[in-house]
>>> print(open('input.csv').read())   # CSV, C-alpha atoms
chain,number,residue,atom,x,y,z
A,1,MET,CA,155.1,99.0,-9.6
A,2,LYS,CA,157.9,101.3,-8.6
A,3,THR,CA,157.6,103.4,-5.5
A,4,ARG,CA,159.4,106.6,-5.2
A,5,SER,CA,161.1,107.3,-1.9
A,6,THR,CA,160.4,110.8,-0.7
A,7,SER,CA,162.7,111.3,2.2
A,8,ILE,CA,163.4,115.0,2.9
A,9,LYS,CA,166.6,115.8,4.7
A,10,GLY,CA,166.6,118.6,7.3
A,11,PHE,CA,165.5,119.5,10.8
A,12,SER,CA,162.0,119.4,12.2
A,13,LEU,CA,160.4,122.4,13.7
A,14,ILE,CA,160.6,120.8,17.2
A,15,GLU,CA,164.4,120.2,16.8
A,16,ILE,CA,165.0,123.8,15.8
A,17,LEU,CA,162.9,125.2,18.7
A,18,LEU,CA,164.6,123.0,21.2
A,19,THR,CA,168.0,124.1,19.9
A,20,ILE,CA,167.0,127.8,20.2
A,21,ALA,CA,165.7,127.2,23.8
A,22,VAL,CA,168.9,125.6,24.9
A,23,ILE,CA,171.0,128.4,23.4
A,24,ALA,CA,168.8,131.0,25.0
A,25,THR,CA,169.1,129.3,28.4
A,26,ILE,CA,172.8,129.3,28.2
A,27,ALA,CA,173.0,132.9,27.1
A,28,ILE,CA,170.7,134.0,30.0
A,29,ALA,CA,172.8,132.0,32.5
A,30,ALA,CA,175.9,133.6,31.2
A,31,PHE,CA,174.5,137.2,31.6
A,32,ILE,CA,173.5,136.4,35.2
A,33,ILE,CA,176.7,134.5,36.3
A,34,PHE,CA,179.4,136.4,34.5
A,35,PRO,CA,179.0,139.8,36.2
A,36,LYS,CA,179.0,138.1,39.6
A,37,THR,CA,182.2,136.2,38.9
A,38,THR,CA,183.8,139.4,37.5
A,39,ILE,CA,183.0,141.3,40.7
A,40,SER,CA,184.3,138.5,42.8
A,41,SER,CA,187.5,138.3,40.9
A,42,GLN,CA,188.0,142.1,41.0
A,43,ALA,CA,187.5,142.2,44.7
A,44,GLU,CA,189.9,139.3,45.2
A,45,VAL,CA,192.6,141.0,43.1
A,46,GLU,CA,192.1,144.3,44.9
A,47,ALA,CA,192.2,142.7,48.4
A,48,LYS,CA,195.6,141.1,47.4
A,49,ASN,CA,196.7,144.6,46.1
A,50,ALA,CA,195.7,146.2,49.4
A,51,ILE,CA,197.7,143.6,51.4
A,52,THR,CA,200.7,144.1,49.0
A,53,VAL,CA,200.5,147.9,49.4
A,54,MET,CA,200.4,147.5,53.2
A,55,ALA,CA,203.4,145.1,53.2
A,56,ASN,CA,205.3,147.4,50.8
A,57,MET,CA,204.6,150.5,52.9
A,58,GLN,CA,205.8,148.8,56.1
A,59,SER,CA,209.0,147.4,54.5
A,60,GLN,CA,209.8,150.6,52.6
A,61,PHE,CA,209.0,153.2,55.1
A,62,GLY,CA,208.6,151.3,58.4
A,63,SER,CA,207.3,153.6,61.1
A,64,LYS,CA,208.2,156.8,59.1
A,65,THR,CA,205.1,157.2,56.9
A,66,ALA,CA,204.3,160.8,58.0
A,67,GLY,CA,203.9,163.0,54.9
A,68,ILE,CA,204.1,160.2,52.3
A,69,SER,CA,201.8,161.1,49.4
A,70,THR,CA,200.3,158.8,46.8
A,71,GLY,CA,202.8,160.1,44.3
A,72,VAL,CA,205.8,159.4,46.6
A,73,ALA,CA,204.5,156.0,47.5
A,74,ASN,CA,204.0,155.2,43.8
A,75,GLN,CA,207.5,156.4,42.9
A,76,ALA,CA,208.8,154.1,45.6
A,77,ARG,CA,207.1,151.2,43.8
A,78,ILE,CA,204.6,150.5,46.7
A,79,PHE,CA,201.7,149.8,44.3
A,80,PRO,CA,201.5,146.8,42.1
A,81,SER,CA,201.7,147.5,38.3
A,82,ASN,CA,198.0,146.5,37.8
A,83,MET,CA,197.1,149.6,39.9
A,84,ASN,CA,199.2,152.2,38.0
A,85,GLY,CA,199.5,150.6,34.6
A,86,GLY,CA,203.3,150.3,35.0
A,87,ASN,CA,203.7,154.1,35.4
A,88,TYR,CA,205.7,154.7,38.6
A,89,SER,CA,205.8,158.5,38.3
A,90,THR,CA,204.6,160.8,41.0
A,91,THR,CA,201.7,161.9,38.8
A,92,ALA,CA,200.4,158.5,37.8
A,93,GLU,CA,196.7,157.9,38.5
A,94,LEU,CA,196.1,154.8,40.6
A,95,LYS,CA,193.0,152.6,39.8
A,96,SER,CA,191.4,149.7,41.6
A,97,ALA,CA,190.5,146.5,39.8
A,98,TRP,CA,187.0,147.9,39.3
A,99,GLY,CA,188.3,151.3,37.9
A,100,GLY,CA,187.8,153.5,41.0
A,101,ARG,CA,190.5,155.9,42.1
A,102,VAL,CA,192.9,154.9,44.8
A,103,ARG,CA,195.1,157.1,47.0
A,104,VAL,CA,197.2,157.0,50.2
A,105,THR,CA,197.0,159.3,53.1
A,106,THR,CA,199.1,159.3,56.2
A,107,SER,CA,197.9,160.2,59.6
A,108,GLY,CA,200.7,160.3,62.1
A,109,ALA,CA,204.2,159.0,62.2
A,110,ALA,CA,203.4,155.4,61.6
A,111,ALA,CA,199.9,155.2,60.2
A,112,PHE,CA,198.5,155.3,56.7
A,113,ASP,CA,195.2,154.9,55.0
A,114,LEU,CA,194.5,153.4,51.6
A,115,ILE,CA,191.4,155.1,50.2
A,116,TYR,CA,189.3,153.4,47.6
A,117,GLN,CA,186.7,155.6,45.8
A,118,ASP,CA,183.7,154.7,43.6
A,119,VAL,CA,183.0,151.4,45.3
A,120,THR,CA,179.7,149.9,44.3
A,121,PRO,CA,177.6,148.0,46.8
A,122,GLU,CA,178.2,144.7,44.9
A,123,VAL,CA,182.0,145.2,45.0
A,124,CYS,CA,181.8,146.4,48.6
A,125,LEU,CA,180.1,143.1,49.6
A,126,LYS,CA,183.0,141.1,48.2
A,127,PHE,CA,185.9,143.5,49.0
A,128,LEU,CA,185.2,144.2,52.7
A,129,PRO,CA,185.3,140.5,53.9
A,130,ALA,CA,188.6,140.0,52.1
A,131,VAL,CA,190.4,143.1,53.5
A,132,THR,CA,188.8,143.5,57.0
A,133,PRO,CA,190.9,140.8,58.7
A,134,ASN,CA,194.2,142.3,57.4
A,135,PHE,CA,193.8,145.9,58.5
A,136,GLN,CA,193.5,147.6,61.8
A,137,TRP,CA,190.8,150.0,60.8
A,138,VAL,CA,188.2,149.8,58.0
A,139,GLN,CA,185.6,152.6,57.4
A,140,ILE,CA,182.9,153.1,54.7
A,141,GLN,CA,181.7,156.5,53.7
A,142,GLN,CA,178.6,157.1,51.6
A,143,GLY,CA,179.0,159.0,48.3
A,144,ALA,CA,181.6,158.8,45.6
A,145,ALA,CA,183.8,161.4,47.3
A,146,GLY,CA,183.0,160.4,50.8
A,147,GLY,CA,181.7,163.0,53.2
A,148,GLY,CA,178.4,161.1,53.7
A,149,LYS,CA,177.5,158.9,56.6
A,150,GLN,CA,180.5,157.1,58.0
A,151,THR,CA,180.4,153.5,59.2
A,152,TRP,CA,183.3,151.9,61.1
A,153,ILE,CA,183.7,148.2,60.4
A,154,ARG,CA,186.9,147.9,62.5
A,155,ASN,CA,188.4,150.6,64.7
A,156,PRO,CA,190.9,149.8,67.5
A,157,GLY,CA,190.1,153.1,69.2
A,158,HIS,CA,186.5,152.0,69.8
A,159,LYS,CA,185.1,148.8,71.2
A,160,LEU,CA,183.4,147.4,68.1
A,161,ALA,CA,182.3,143.8,67.8
A,162,GLU,CA,184.1,141.8,65.2
A,163,PRO,CA,182.4,142.4,61.9
A,164,THR,CA,179.8,139.9,60.9
A,165,ILE,CA,178.4,139.1,57.4
A,166,ASN,CA,175.2,141.0,58.4
A,167,SER,CA,177.1,144.1,59.5
A,168,LEU,CA,179.1,144.1,56.3
A,169,ILE,CA,175.9,143.7,54.2
A,170,ASN,CA,174.3,146.6,56.1
A,171,ALA,CA,177.3,148.8,55.7
A,172,CYS,CA,177.5,148.1,51.9
A,173,THR,CA,173.8,148.7,51.2
A,174,GLN,CA,173.1,151.7,53.3
A,175,ASN,CA,171.2,154.1,50.9
A,176,GLY,CA,174.0,154.6,48.4
A,177,ASP,CA,175.2,153.5,45.0
A,178,SER,CA,178.8,154.5,45.6
A,179,PHE,CA,181.1,154.4,48.6
A,180,VAL,CA,184.6,155.3,49.7
A,181,ILE,CA,186.3,152.5,51.6
A,182,ALA,CA,189.3,153.5,53.8
A,183,VAL,CA,191.5,150.8,55.2
A,184,GLY,CA,194.4,151.6,57.5
A,185,TYR,CA,197.3,150.2,59.4
A,186,LYS,CA,199.6,151.4,62.1
>>> encode(input="input.csv", output="structure tokens")
Amino acid sequence: MKTRSTSIKGFSLIEILLTIAVIATIAIAAFIIFPKTTISSQAEVEAKNAITVMANMQSQFGSKTAGISTGVANQARIFPSNMNGGNYSTTAELKSAWGGRVRVTTSGAAAFDLIYQDVTPEVCLKFLPAVTPNFQWVQIQQGAAGGGKQTWIRNPGHKLAEPTINSLINACTQNGDSFVIAVGYK
């Protein structure tokens, strides 16, 4: 008597369900982890940009920063090309790594501020710890255009304790979804 072999090739239902579960887990993890790493890398890039701008302002203008506008500073090649898209004209729009507007203001003969607009709380939490040690003053203002509550993180004119992680968290999460961060040096 002949027996017929009836082996059917393919995947079982359990194998298919396990494969779908693994793929779904990887996809969910990617959606959770990717934005956090993107924000961290943007804050790191921008902290390096801010330090570069500070060094370039000091080497280019020294103690004569009075009256220097964002356009003049850009034309003098103070800003890295990733902030101005390689456009060094006086009318170029400067952008941070997260897409917010950046500008320079001067206050006095040897002082300047670097103003970052449209900073989200998530970016703020990563950006502030990176820039605070490198600048003499750091201030956060609520609202995309500033003008809201002001919080000094570092100010040589006032006796403030060195910023702690908790003070940075509080400053970055104070009832707002967008902030202006001003960092300055004299």
>>> residues_near_point(input="input.csv", point="(192.4, 153.5, 41.8)", cutoff="8 Å", atoms="all atoms listed in the file", output="ChimeraX atom specification")
/A:83-84,93-97,99-103,116-117
>>> residues_around(input="input.csv", residues="stretch 126-134 of chain A", least_positions_apart="3", cutoff="7 Å", atoms="only C-alpha atoms", output="ChimeraX atom specification")
/A:40,43-44,47,122-123,138
>>> atom_distance(input="input.csv", atom1="atom CA of A:Ile78", atom2="atom CA of A:Ala55")
8.5 Å
>>> atom_distance(input="input.csv", atom1="atom CA of A:Ser69", atom2="atom CA of A:Ala111")
12.5 Å
>>> atom_distance(input="input.csv", atom1="atom CA of A:Val119", atom2="atom CA of A:Asn74")
21.4 Å
>>> decode(input="input.csv", residues="stretch 110-126 of chain A", atoms="all heavy atoms", output="PDB file, in the first residue's frame")
ATOM      1  N   ALA A 110      30.580  96.043  25.157  1.00  0.00           N
ATOM      2  CA  ALA A 110      31.234  94.747  25.017  1.00  0.00           C
ATOM      3  C   ALA A 110      30.310  93.587  25.330  1.00  0.00           C
ATOM      4  O   ALA A 110      30.761  92.494  25.625  1.00  0.00           O
ATOM      5  CB  ALA A 110      32.448  94.691  25.938  1.00  0.00           C
ATOM      6  N   ALA A 111      29.019  93.790  25.264  1.00  0.00           N
ATOM      7  CA  ALA A 111      28.088  92.727  25.624  1.00  0.00           C
ATOM      8  C   ALA A 111      27.190  92.390  24.439  1.00  0.00           C
ATOM      9  O   ALA A 111      26.858  93.259  23.638  1.00  0.00           O
ATOM     10  CB  ALA A 111      27.240  93.160  26.809  1.00  0.00           C
ATOM     11  N   PHE A 112      26.823  91.145  24.343  1.00  0.00           N
ATOM     12  CA  PHE A 112      25.866  90.744  23.310  1.00  0.00           C
ATOM     13  C   PHE A 112      24.992  89.619  23.840  1.00  0.00           C
ATOM     14  O   PHE A 112      25.381  88.874  24.731  1.00  0.00           O
ATOM     15  CB  PHE A 112      26.572  90.323  22.012  1.00  0.00           C
ATOM     16  CG  PHE A 112      27.258  88.986  22.090  1.00  0.00           C
ATOM     17  CD1 PHE A 112      26.598  87.825  21.730  1.00  0.00           C
ATOM     18  CD2 PHE A 112      28.569  88.889  22.523  1.00  0.00           C
ATOM     19  CE1 PHE A 112      27.221  86.597  21.810  1.00  0.00           C
ATOM     20  CE2 PHE A 112      29.208  87.664  22.599  1.00  0.00           C
ATOM     21  CZ  PHE A 112      28.536  86.507  22.243  1.00  0.00           C
ATOM     22  N   ASP A 113      23.796  89.532  23.259  1.00  0.00           N
ATOM     23  CA  ASP A 113      22.854  88.467  23.584  1.00  0.00           C
ATOM     24  C   ASP A 113      22.585  87.675  22.322  1.00  0.00           C
ATOM     25  O   ASP A 113      22.456  88.246  21.233  1.00  0.00           O
ATOM     26  CB  ASP A 113      21.515  89.029  24.074  1.00  0.00           C
ATOM     27  CG  ASP A 113      21.635  89.798  25.371  1.00  0.00           C
ATOM     28  OD1 ASP A 113      22.486  89.436  26.194  1.00  0.00           O
ATOM     29  OD2 ASP A 113      20.867  90.757  25.550  1.00  0.00           O
ATOM     30  N   LEU A 114      22.445  86.401  22.462  1.00  0.00           N
ATOM     31  CA  LEU A 114      22.028  85.509  21.395  1.00  0.00           C
ATOM     32  C   LEU A 114      20.632  85.046  21.780  1.00  0.00           C
ATOM     33  O   LEU A 114      20.440  84.432  22.822  1.00  0.00           O
ATOM     34  CB  LEU A 114      23.004  84.335  21.314  1.00  0.00           C
ATOM     35  CG  LEU A 114      22.961  83.426  20.117  1.00  0.00           C
ATOM     36  CD1 LEU A 114      23.092  84.207  18.822  1.00  0.00           C
ATOM     37  CD2 LEU A 114      24.068  82.397  20.213  1.00  0.00           C
ATOM     38  N   ILE A 115      19.648  85.407  20.976  1.00  0.00           N
ATOM     39  CA  ILE A 115      18.241  85.170  21.302  1.00  0.00           C
ATOM     40  C   ILE A 115      17.717  83.999  20.471  1.00  0.00           C
ATOM     41  O   ILE A 115      17.766  84.032  19.241  1.00  0.00           O
ATOM     42  CB  ILE A 115      17.371  86.411  21.001  1.00  0.00           C
ATOM     43  CG1 ILE A 115      17.996  87.680  21.557  1.00  0.00           C
ATOM     44  CG2 ILE A 115      15.943  86.196  21.473  1.00  0.00           C
ATOM     45  CD1 ILE A 115      18.032  87.774  23.035  1.00  0.00           C
ATOM     46  N   TYR A 116      17.212  82.976  21.144  1.00  0.00           N
ATOM     47  CA  TYR A 116      16.604  81.815  20.493  1.00  0.00           C
ATOM     48  C   TYR A 116      15.106  81.878  20.714  1.00  0.00           C
ATOM     49  O   TYR A 116      14.650  81.923  21.851  1.00  0.00           O
ATOM     50  CB  TYR A 116      17.145  80.515  21.086  1.00  0.00           C
ATOM     51  CG  TYR A 116      18.545  80.201  20.650  1.00  0.00           C
ATOM     52  CD1 TYR A 116      19.634  80.637  21.386  1.00  0.00           C
ATOM     53  CD2 TYR A 116      18.775  79.479  19.497  1.00  0.00           C
ATOM     54  CE1 TYR A 116      20.924  80.366  20.976  1.00  0.00           C
ATOM     55  CE2 TYR A 116      20.061  79.197  19.076  1.00  0.00           C
ATOM     56  CZ  TYR A 116      21.129  79.635  19.826  1.00  0.00           C
ATOM     57  OH  TYR A 116      22.405  79.353  19.410  1.00  0.00           O
ATOM     58  N   GLN A 117      14.324  81.863  19.635  1.00  0.00           N
ATOM     59  CA  GLN A 117      12.873  81.905  19.742  1.00  0.00           C
ATOM     60  C   GLN A 117      12.277  80.542  19.414  1.00  0.00           C
ATOM     61  O   GLN A 117      12.913  79.701  18.793  1.00  0.00           O
ATOM     62  CB  GLN A 117      12.300  82.967  18.809  1.00  0.00           C
ATOM     63  CG  GLN A 117      12.682  84.371  19.250  1.00  0.00           C
ATOM     64  CD  GLN A 117      12.087  85.427  18.357  1.00  0.00           C
ATOM     65  OE1 GLN A 117      12.531  85.619  17.247  1.00  0.00           O
ATOM     66  NE2 GLN A 117      11.080  86.112  18.880  1.00  0.00           N
ATOM     67  N   ASP A 118      11.031  80.352  19.815  1.00  0.00           N
ATOM     68  CA  ASP A 118      10.274  79.120  19.537  1.00  0.00           C
ATOM     69  C   ASP A 118      10.976  77.884  20.082  1.00  0.00           C
ATOM     70  O   ASP A 118      11.150  76.889  19.385  1.00  0.00           O
ATOM     71  CB  ASP A 118      10.009  78.961  18.036  1.00  0.00           C
ATOM     72  CG  ASP A 118       9.280  80.149  17.462  1.00  0.00           C
ATOM     73  OD1 ASP A 118       8.326  80.598  18.102  1.00  0.00           O
ATOM     74  OD2 ASP A 118       9.669  80.641  16.384  1.00  0.00           O
ATOM     75  N   VAL A 119      11.369  77.944  21.329  1.00  0.00           N
ATOM     76  CA  VAL A 119      12.023  76.823  21.992  1.00  0.00           C
ATOM     77  C   VAL A 119      10.954  76.034  22.740  1.00  0.00           C
ATOM     78  O   VAL A 119      10.259  76.575  23.590  1.00  0.00           O
ATOM     79  CB  VAL A 119      13.099  77.317  22.990  1.00  0.00           C
ATOM     80  CG1 VAL A 119      13.793  76.153  23.657  1.00  0.00           C
ATOM     81  CG2 VAL A 119      14.093  78.222  22.288  1.00  0.00           C
ATOM     82  N   THR A 120      10.808  74.763  22.414  1.00  0.00           N
ATOM     83  CA  THR A 120       9.821  73.930  23.105  1.00  0.00           C
ATOM     84  C   THR A 120      10.390  73.481  24.456  1.00  0.00           C
ATOM     85  O   THR A 120      11.609  73.485  24.651  1.00  0.00           O
ATOM     86  CB  THR A 120       9.467  72.686  22.265  1.00  0.00           C
ATOM     87  OG1 THR A 120      10.641  71.872  22.144  1.00  0.00           O
ATOM     88  CG2 THR A 120       8.930  73.058  20.890  1.00  0.00           C
ATOM     89  N   PRO A 121       9.531  73.081  25.378  1.00  0.00           N
ATOM     90  CA  PRO A 121      10.032  72.597  26.670  1.00  0.00           C
ATOM     91  C   PRO A 121      11.009  71.426  26.530  1.00  0.00           C
ATOM     92  O   PRO A 121      11.995  71.346  27.256  1.00  0.00           O
ATOM     93  CB  PRO A 121       8.764  72.167  27.413  1.00  0.00           C
ATOM     94  CG  PRO A 121       7.683  73.018  26.837  1.00  0.00           C
ATOM     95  CD  PRO A 121       8.062  73.177  25.378  1.00  0.00           C
ATOM     96  N   GLU A 122      10.749  70.543  25.576  1.00  0.00           N
ATOM     97  CA  GLU A 122      11.635  69.383  25.382  1.00  0.00           C
ATOM     98  C   GLU A 122      13.027  69.824  24.945  1.00  0.00           C
ATOM     99  O   GLU A 122      14.037  69.314  25.429  1.00  0.00           O
ATOM    100  CB  GLU A 122      11.039  68.413  24.337  1.00  0.00           C
ATOM    101  CG  GLU A 122       9.735  67.778  24.749  1.00  0.00           C
ATOM    102  CD  GLU A 122       8.522  68.681  24.516  1.00  0.00           C
ATOM    103  OE1 GLU A 122       8.612  69.666  23.759  1.00  0.00           O
ATOM    104  OE2 GLU A 122       7.474  68.400  25.113  1.00  0.00           O
ATOM    105  N   VAL A 123      13.087  70.779  24.012  1.00  0.00           N
ATOM    106  CA  VAL A 123      14.383  71.300  23.554  1.00  0.00           C
ATOM    107  C   VAL A 123      15.047  72.081  24.683  1.00  0.00           C
ATOM    108  O   VAL A 123      16.247  71.959  24.918  1.00  0.00           O
ATOM    109  CB  VAL A 123      14.208  72.183  22.296  1.00  0.00           C
ATOM    110  CG1 VAL A 123      15.488  72.921  21.960  1.00  0.00           C
ATOM    111  CG2 VAL A 123      13.763  71.339  21.110  1.00  0.00           C
ATOM    112  N   CYS A 124      14.262  72.875  25.389  1.00  0.00           N
ATOM    113  CA  CYS A 124      14.772  73.679  26.499  1.00  0.00           C
ATOM    114  C   CYS A 124      15.508  72.802  27.513  1.00  0.00           C
ATOM    115  O   CYS A 124      16.602  73.137  27.971  1.00  0.00           O
ATOM    116  CB  CYS A 124      13.611  74.412  27.154  1.00  0.00           C
ATOM    117  SG  CYS A 124      14.047  75.455  28.561  1.00  0.00           S
ATOM    118  N   LEU A 125      14.904  71.668  27.859  1.00  0.00           N
ATOM    119  CA  LEU A 125      15.494  70.772  28.853  1.00  0.00           C
ATOM    120  C   LEU A 125      16.842  70.210  28.411  1.00  0.00           C
ATOM    121  O   LEU A 125      17.689  69.889  29.250  1.00  0.00           O
ATOM    122  CB  LEU A 125      14.536  69.619  29.158  1.00  0.00           C
ATOM    123  CG  LEU A 125      13.325  69.986  29.998  1.00  0.00           C
ATOM    124  CD1 LEU A 125      12.310  68.857  30.015  1.00  0.00           C
ATOM    125  CD2 LEU A 125      13.751  70.366  31.404  1.00  0.00           C
ATOM    126  N   LYS A 126      17.054  70.092  27.124  1.00  0.00           N
ATOM    127  CA  LYS A 126      18.330  69.578  26.613  1.00  0.00           C
ATOM    128  C   LYS A 126      19.317  70.708  26.315  1.00  0.00           C
ATOM    129  O   LYS A 126      20.519  70.553  26.484  1.00  0.00           O
ATOM    130  CB  LYS A 126      18.099  68.761  25.335  1.00  0.00           C
ATOM    131  CG  LYS A 126      17.213  67.568  25.504  1.00  0.00           C
ATOM    132  CD  LYS A 126      17.869  66.518  26.334  1.00  0.00           C
ATOM    133  CE  LYS A 126      16.995  65.275  26.418  1.00  0.00           C
ATOM    134  NZ  LYS A 126      17.567  64.259  27.257  1.00  0.00           N
TER     135      LYS A 126
END
